[in-house]
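Engineer: After the structure tokens below, expect a handful of questions from me.
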Amino acid sequence: MRRVPTGLILGVALVAAAFAIRGVSPAFTGWGLPDRAQDTITLALSVIIESAPFVFLGILLSTVVQVWLPHGFITRFLPRQPLLRRACISLLGMFFPVCECGNVPLARGFMVGGFTVPESITFLLAAPILNPITIITTHQAFGWGDGILLTRIVAGFVIANVIGWLFSRHPDPDSLLTRTFSASCALPDASGHDDGRAGGQHEGHSHTHGARAGRIERSVDLFTRETAVIMPALFIGSLIAALTQVFVPRSVLLALGSNPVWSVLAMIALAFIVAVCSNVDAFFVLSFGSTFMPGGIAAFLTFGAMIDVKMLALMRTTFTTRTLVQITALVALMSTAAGLLVNYVA
Amino acid sequence: MSPKDKLAGYLAERWRGIGLSLVIVVATIWLGATGQLGLYIHPRYFIFTTVMALLGLVFVVASFVFRTPAAGEPEPAGRGSAGRRTLALGGSALLLVVAAVTVLALPPATLTSATATQREVNSGGLDSEAAAEEAAALVGTGDYERLSVKEWVSLLAQSEDPALYADKTASITGFVLPDAADPDNVFYVARFVVTCCAVDAQPIGVAVYQPGWQASYDTDDWVQVTGTFVSNPSARSSDTLAVLPTSIEPVDQPSDPYVY
């Protein structure tokens, strides 16, 4: 590793060039794109602009966990008994209110930092719901009425823990991961910590200038590596979400709203294609409150926070397709059950 | 593995994330600086999004300063053939070029009627209680011409009694969206309601009865319509009430086309 001052010049020059292109190009108006193509771009771009800050935040938090906190800092406070441990992990979102897109890099960081695969799945599914921002916005939208908020919290907790438990029975949890990610977890220095090879030298005086410079360098390296994996997935996932929006009429789903069973299934389908952030999905779905039964809304808020088209693209960076199909099916089944329970019992 | 393949893999793995981050970070900061972020996201995110974009920019530049070797994503045994690496580089390059052109070169745009027709008008989007309260407050002032599309839509959702609207003049601005049921005679003065970002936009609109409107206006044109509410003369339209316009003026698209 060496520092090249030309790197700084090159970086600044590229940024300046990008600004120049952006500043000059509005002059070339009238590209004459068809409306649908134009809307696909607008929709995809809106998802990317909305999600990218959360992805950056997730990567930064993941960097803090991997590089700046002592190794095992978080796992140290967790109980050892697996069920209790996952239960506590499903509440970690209370301290990392990142939104679901940012949770993917964070969960990757947790896995590198010592979480098992089922534990990270539990975190990934629970954190978008069991976090303060989501709970506050859902309360603002619905209060405690119709049991929607309570169902969301309880279902989020139960689904994340049941799926975590199911995958903990898997004989070879590492096979749930993509080979690339699995291999990067197995690297001796993947955690980026000063333990292991370098640990002895740095123990106790890790705040020296050299160590800090090394950490900054590793933080930047981690940013590079994580964006290389997450950003293409975000762009492609957003494009798929936009294409679905432009070509699948939403009115088809809304027609199903007043039937106790169909309202639940339609809202799960809507949650899947609309890919709206769990922090604000309550406001979005509130506007459908008059069209849909409460169970449909509860199912939307439970399923949509965990799974949608964009999330699957992001999660595919880490988990195999087979694993994602299983997770999606399980979340869909349990969200449906929760929705039906609200419609028929509550 | 030849040095050329190694370089290809290095470029694909290391620079695609930085490249895509650079594109989106620059676009976000530029949109924020020129006041156009509202075309894509809800104003409540403006500050957070801009701050994170600036932070992202610092990391993007820093990644040019600390150019670590491509130790990052390791290739497990059995993978990483020359062909695969070249494919990865090609795919990454293609994605980067497409992203750069669409994000940096295309002019920013609002959603069009193509999306509105996919999402039934007035089927959702408004928190009707809150919007109705706001509208009621404005109605109380008696200055009906200050009511926007959003307020009229929420009032109409509460009551469609013609007597209630008989003496009231509406002056509303929005884009022209044909009524699917009776496109020849009725169009909506429409706006999109955005909760989070443009992807969740729901169209809302007030019906305007004007047979043969297509001769003067195109779909997606921005107009200011002034007129009074009457029982909708159209037999096919699903709206009970419609504005009978006294004037329809073309206007520029507002800088904040969405409502919240």
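Labels for the structure tokens follow display order: chains A, B, ..., residues from 1 in each chain, ligands from 1.
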Need the shell around Phe19 of chain A: protein/DNA/RNA residues with any atom at most 8 Å away, counting only C-alpha atoms. Skip same-chain ones fewer than 4 positions apart. Format as a ChimeraX atom specification?
Structural biologist: /A:15,23 /B:26-27,30
Engineer: Convert the current residue selection to file output with all heavy atoms, as a PDB file, in the first residue's frame.
Structural biologist:
```pdb
ATOM      1  N   VAL A  15     -14.476  13.750 -10.126  1.00  0.00           N
ATOM      2  CA  VAL A  15     -15.677  14.341  -9.511  1.00  0.00           C
ATOM      3  C   VAL A  15     -16.049  15.628 -10.242  1.00  0.00           C
ATOM      4  O   VAL A  15     -17.212  15.850 -10.587  1.00  0.00           O
ATOM      5  CB  VAL A  15     -15.430  14.612  -8.010  1.00  0.00           C
ATOM      6  CG1 VAL A  15     -16.558  15.453  -7.437  1.00  0.00           C
ATOM      7  CG2 VAL A  15     -15.305  13.298  -7.246  1.00  0.00           C
ATOM      8  N   GLY A  23     -23.795  19.506 -15.136  1.00  0.00           N
ATOM      9  CA  GLY A  23     -24.151  20.914 -15.257  1.00  0.00           C
ATOM     10  C   GLY A  23     -24.444  21.317 -16.695  1.00  0.00           C
ATOM     11  O   GLY A  23     -25.310  22.145 -16.947  1.00  0.00           O
TER      12      GLY A  23
ATOM     13  N   VAL B  26     -22.784  12.634  -7.058  1.00  0.00           N
ATOM     14  CA  VAL B  26     -22.720  13.895  -7.809  1.00  0.00           C
ATOM     15  C   VAL B  26     -24.136  14.321  -8.227  1.00  0.00           C
ATOM     16  O   VAL B  26     -24.516  15.490  -8.075  1.00  0.00           O
ATOM     17  CB  VAL B  26     -21.794  13.740  -9.048  1.00  0.00           C
ATOM     18  CG1 VAL B  26     -21.986  14.906 -10.013  1.00  0.00           C
ATOM     19  CG2 VAL B  26     -20.350  13.665  -8.597  1.00  0.00           C
ATOM     20  N   ALA B  27     -24.923  13.366  -8.719  1.00  0.00           N
ATOM     21  CA  ALA B  27     -26.284  13.704  -9.154  1.00  0.00           C
ATOM     22  C   ALA B  27     -27.099  14.246  -7.978  1.00  0.00           C
ATOM     23  O   ALA B  27     -27.824  15.237  -8.111  1.00  0.00           O
ATOM     24  CB  ALA B  27     -26.960  12.477  -9.754  1.00  0.00           C
ATOM     25  N   TRP B  30     -25.944  17.755  -6.983  1.00  0.00           N
ATOM     26  CA  TRP B  30     -26.342  18.732  -8.002  1.00  0.00           C
ATOM     27  C   TRP B  30     -27.853  19.008  -7.914  1.00  0.00           C
ATOM     28  O   TRP B  30     -28.294  20.152  -7.978  1.00  0.00           O
ATOM     29  CB  TRP B  30     -25.961  18.208  -9.388  1.00  0.00           C
ATOM     30  CG  TRP B  30     -26.320  19.145 -10.496  1.00  0.00           C
ATOM     31  CD1 TRP B  30     -25.648  20.277 -10.865  1.00  0.00           C
ATOM     32  CD2 TRP B  30     -27.453  19.057 -11.365  1.00  0.00           C
ATOM     33  NE1 TRP B  30     -26.292  20.883 -11.902  1.00  0.00           N
ATOM     34  CE2 TRP B  30     -27.402  20.165 -12.237  1.00  0.00           C
ATOM     35  CE3 TRP B  30     -28.502  18.149 -11.489  1.00  0.00           C
ATOM     36  CZ2 TRP B  30     -28.359  20.395 -13.222  1.00  0.00           C
ATOM     37  CZ3 TRP B  30     -29.458  18.364 -12.466  1.00  0.00           C
ATOM     38  CH2 TRP B  30     -29.386  19.476 -13.327  1.00  0.00           C
TER      39      TRP B  30
END
```
Engineer: May I ask you to extract the residues of chain B within 6 Å of chain A, using only C-alpha atoms, and to give them as a ChimeraX atom specification?
Structural biologist: /B:16-17,40,49,52,61,63-66,68,104-105,107,111,114,118-120,124-127,195,197-199
Engineer: Store the residues picked out above, limited to C-alpha atoms, as a short mmCIF file (atom, residue, chain, number, x, y, z; two decimals), in the first residue's frame.
Structural biologist:
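Result file is part01.cif:
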```cif
data_model
loop_
_atom_site.label_atom_id
_atom_site.label_comp_id
_atom_site.auth_asym_id
_atom_site.auth_seq_id
_atom_site.Cartn_x
_atom_site.Cartn_y
_atom_site.Cartn_z
CA ARG B 16 -17.60 -0.41 -10.19
CA GLY B 17 -18.83 0.47 -6.69
CA TYR B 40 -37.47 12.34 -6.75
CA THR B 49 -29.76 12.72 1.69
CA MET B 52 -24.91 11.45 3.28
CA VAL B 61 -12.30 10.76 -3.32
CA SER B 63 -10.71 5.70 -2.33
CA PHE B 64 -8.59 7.27 -5.05
CA VAL B 65 -6.04 8.31 -2.43
CA PHE B 66 -5.76 4.91 -0.70
CA THR B 68 -5.09 -0.78 -1.95
CA LEU B 104 -25.79 12.46 -15.24
CA ALA B 105 -26.72 13.30 -18.83
CA PRO B 107 -32.42 16.10 -17.83
CA LEU B 111 -43.48 11.54 -13.64
CA ALA B 114 -48.04 7.06 -18.31
CA GLN B 118 -51.24 2.64 -14.15
CA ARG B 119 -52.44 3.85 -10.75
CA GLU B 120 -56.12 4.68 -10.60
CA GLY B 124 -55.20 6.50 -2.50
CA GLY B 125 -52.30 8.73 -1.63
CA LEU B 126 -54.01 11.26 0.60
CA ASP B 127 -54.26 10.97 4.33
CA THR B 195 -45.03 9.81 0.66
CA CYS B 197 -40.12 8.98 -3.13
CA ALA B 198 -41.56 9.15 -6.63
CA VAL B 199 -41.94 5.37 -6.73
#
```
Engineer: Using only C-alpha atoms, which residues sit within 10 Å of Val223 of chain B once same-chain residues fewer than 4 positions away are excluded, as a count of residues only?
Structural biologist: 15
Engineer: Just list the residues in segment 7-250 of chain B DSSP gives strand (DSSP E or B) on the backbone, as a ChimeraX atom specification.
Structural biologist: /B:41,66,169-178,186-193,197,202-209,222-231,241-250
Engineer: Taking the chain letters and numbering used in this document, name the residues of segment 176-343 of chain A that DSSP puts in alpha helix (DSSP H), as JSON, numbers by chain.
Structural biologist: {"A": [179, 180, 181, 182, 183, 184, 185, 186, 199, 200, 201, 202, 209, 210, 211, 212, 213, 214, 215, 216, 217, 218, 219, 220, 221, 222, 223, 224, 225, 226, 227, 228, 229, 230, 231, 232, 233, 234, 235, 236, 237, 238, 239, 240, 241, 242, 243, 244, 245, 246, 247, 250, 251, 252, 253, 254, 260, 261, 262, 263, 264, 265, 266, 267, 268, 269, 270, 271, 272, 273, 274, 281, 282, 283, 284, 285, 286, 294, 295, 296, 297, 298, 299, 300, 301, 302, 303, 304, 305, 306, 309, 310, 311, 312, 313, 314, 315, 321, 322, 323, 324, 325, 326, 327, 328, 329, 330, 331, 332, 333, 334, 335, 336, 337, 338, 339, 340, 341, 342, 343]}
Engineer: Hey, what's within 12 Å of Leu78 of chain A if we count only C-alpha atoms and toss same-chain stuff fewer than 2 positions away? As number ranges by chain, please?
Structural biologist: A: 72-76, 80-92, 114-115, 119
Engineer: As an exercise, work out the distance from atom CA of Leu55 of chain B to atom CA of Gly19 of chain B in Å and give it to one decimal place.
Structural biologist: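 Going from atom CA of Leu55 of chain B over to atom CA of Gly19 of chain B, I get 15.3 Å.
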Engineer: For Ala160 of chain A, list every protein, DNA or RNA residue within 8 Å, evaluated using only C-alpha atoms, and leave out those in the same chain fewer than 2 positions away; present the list as a list in words.
Structural biologist: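 Residues near the query, excluding close chain neighbours: Ser90, Ile121, Thr122, Phe123, Leu125, Ala126, Gly156, Phe157, Val158, Val162, Ile163 and Gly164 of chain A.
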Engineer: Keeping only all heavy atoms, write those residues as a JSON list (two decimals), in the first residue's frame.
Structural biologist:
```json
[["chain", "number", "residue", "atom", "x", "y", "z"],
["A", 90, "SER", "N", -32.64, -9.72, 17.41],
["A", 90, "SER", "CA", -33.76, -9.16, 16.66],
["A", 90, "SER", "C", -34.15, -7.78, 17.19],
["A", 90, "SER", "O", -34.88, -7.05, 16.53],
["A", 90, "SER", "CB", -34.96, -10.11, 16.66],
["A", 90, "SER", "OG", -35.35, -10.41, 17.98],
["A", 121, "ILE", "N", -29.52, -13.49, 9.60],
["A", 121, "ILE", "CA", -30.84, -13.50, 8.93],
["A", 121, "ILE", "C", -31.90, -12.93, 9.89],
["A", 121, "ILE", "O", -32.74, -12.11, 9.51],
["A", 121, "ILE", "CB", -31.23, -14.93, 8.48],
["A", 121, "ILE", "CG1", -30.29, -15.39, 7.36],
["A", 121, "ILE", "CG2", -32.68, -14.98, 7.99],
["A", 121, "ILE", "CD1", -30.50, -16.82, 6.91],
["A", 122, "THR", "N", -31.83, -13.33, 11.14],
["A", 122, "THR", "CA", -32.77, -12.81, 12.14],
["A", 122, "THR", "C", -32.66, -11.30, 12.23],
["A", 122, "THR", "O", -33.66, -10.59, 12.23],
["A", 122, "THR", "CB", -32.47, -13.43, 13.52],
["A", 122, "THR", "OG1", -32.58, -14.85, 13.41],
["A", 122, "THR", "CG2", -33.45, -12.94, 14.57],
["A", 123, "PHE", "N", -31.42, -10.80, 12.27],
["A", 123, "PHE", "CA", -31.22, -9.35, 12.33],
["A", 123, "PHE", "C", -31.82, -8.67, 11.11],
["A", 123, "PHE", "O", -32.57, -7.70, 11.21],
["A", 123, "PHE", "CB", -29.73, -9.02, 12.43],
["A", 123, "PHE", "CG", -29.43, -7.56, 12.22],
["A", 123, "PHE", "CD1", -29.68, -6.63, 13.22],
["A", 123, "PHE", "CD2", -28.94, -7.10, 11.00],
["A", 123, "PHE", "CE1", -29.44, -5.28, 13.01],
["A", 123, "PHE", "CE2", -28.70, -5.75, 10.79],
["A", 123, "PHE", "CZ", -28.95, -4.84, 11.80],
["A", 125, "LEU", "N", -34.15, -9.55, 9.10],
["A", 125, "LEU", "CA", -35.60, -9.55, 9.00],
["A", 125, "LEU", "C", -36.26, -8.70, 10.08],
["A", 125, "LEU", "O", -37.28, -8.06, 9.85],
["A", 125, "LEU", "CB", -36.14, -11.00, 9.08],
["A", 125, "LEU", "CG", -35.71, -11.92, 7.93],
["A", 125, "LEU", "CD1", -36.25, -13.33, 8.15],
["A", 125, "LEU", "CD2", -36.21, -11.38, 6.58],
["A", 126, "ALA", "N", -35.68, -8.68, 11.26],
["A", 126, "ALA", "CA", -36.32, -7.99, 12.39],
["A", 126, "ALA", "C", -36.04, -6.49, 12.41],
["A", 126, "ALA", "O", -36.92, -5.69, 12.72],
["A", 126, "ALA", "CB", -35.87, -8.62, 13.71],
["A", 156, "GLY", "N", -43.25, -9.15, 13.34],
["A", 156, "GLY", "CA", -41.86, -8.93, 12.96],
["A", 156, "GLY", "C", -40.93, -9.74, 13.84],
["A", 156, "GLY", "O", -40.01, -10.41, 13.36],
["A", 157, "PHE", "N", -41.18, -9.69, 15.13],
["A", 157, "PHE", "CA", -40.34, -10.42, 16.09],
["A", 157, "PHE", "C", -40.45, -11.93, 15.87],
["A", 157, "PHE", "O", -39.44, -12.64, 15.78],
["A", 157, "PHE", "CB", -40.76, -10.06, 17.51],
["A", 157, "PHE", "CG", -39.93, -10.70, 18.58],
["A", 157, "PHE", "CD1", -38.71, -10.15, 18.96],
["A", 157, "PHE", "CD2", -40.36, -11.86, 19.20],
["A", 157, "PHE", "CE1", -37.94, -10.75, 19.94],
["A", 157, "PHE", "CE2", -39.59, -12.47, 20.18],
["A", 157, "PHE", "CZ", -38.38, -11.90, 20.55],
["A", 158, "VAL", "N", -41.68, -12.41, 15.77],
["A", 158, "VAL", "CA", -41.90, -13.86, 15.66],
["A", 158, "VAL", "C", -41.32, -14.40, 14.35],
["A", 158, "VAL", "O", -40.59, -15.39, 14.35],
["A", 158, "VAL", "CB", -43.41, -14.18, 15.76],
["A", 158, "VAL", "CG1", -43.68, -15.64, 15.41],
["A", 158, "VAL", "CG2", -43.92, -13.85, 17.16],
["A", 162, "VAL", "N", -38.49, -17.17, 14.19],
["A", 162, "VAL", "CA", -38.82, -18.50, 13.69],
["A", 162, "VAL", "C", -37.91, -18.85, 12.52],
["A", 162, "VAL", "O", -37.36, -19.96, 12.45],
["A", 162, "VAL", "CB", -40.31, -18.57, 13.25],
["A", 162, "VAL", "CG1", -40.58, -19.83, 12.44],
["A", 162, "VAL", "CG2", -41.21, -18.54, 14.48],
["A", 163, "ILE", "N", -37.72, -17.89, 11.60],
["A", 163, "ILE", "CA", -36.86, -18.17, 10.44],
["A", 163, "ILE", "C", -35.41, -18.37, 10.89],
["A", 163, "ILE", "O", -34.71, -19.26, 10.42],
["A", 163, "ILE", "CB", -37.01, -17.08, 9.37],
["A", 163, "ILE", "CG1", -38.43, -17.13, 8.79],
["A", 163, "ILE", "CG2", -35.98, -17.25, 8.26],
["A", 163, "ILE", "CD1", -38.73, -16.08, 7.75],
["A", 164, "GLY", "N", -34.96, -17.55, 11.85],
["A", 164, "GLY", "CA", -33.62, -17.74, 12.40],
["A", 164, "GLY", "C", -33.46, -19.13, 13.00],
["A", 164, "GLY", "O", -32.46, -19.82, 12.80]]
```
Engineer: Report as number ranges by chain all protein, DNA and RNA residues lying within 9 Å of Ala12 of chain B, evaluated on only C-alpha atoms, omitting residues in the same chain fewer than 3 positions from it.
Structural biologist: A: 228; B: 7-9, 15-17, 85-86, 88-93
Engineer: From the list B:Val60, B:Val194, B:Val23, B:Ala116, which residue is nearest Asp256 of chain B when using only C-alpha atoms?
Structural biologist: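 The closest residue to Asp256 of chain B is B:Val194.
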Engineer: Residues of segment 150-190 of chain A within 6 Å of segment 300-318 of chain A: nearest atom pair and distance (Å, one decimal) for each, counting only C-alpha atoms, sorted by chain and number, as JSON lines?
Structural biologist:
```
{"residue": "A:Arg152", "atom": "CA", "partner": "A:Thr302", "partner_atom": "CA", "distance": 5.5}
{"residue": "A:Leu177", "atom": "CA", "partner": "A:Thr318", "partner_atom": "CA", "distance": 5.7}
{"residue": "A:Thr178", "atom": "CA", "partner": "A:Thr318", "partner_atom": "CA", "distance": 5.5}
{"residue": "A:Phe181", "atom": "CA", "partner": "A:Thr318", "partner_atom": "CA", "distance": 5.9}
```
Engineer: Give me, please, the distance in Å between atom CA of Trp213 of chain B and atom CA of Thr169 of chain B, quoted to one decimal.
Structural biologist: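 Atom-to-atom, atom CA of Trp213 of chain B and atom CA of Thr169 of chain B are spaced 20.2 Å apart.
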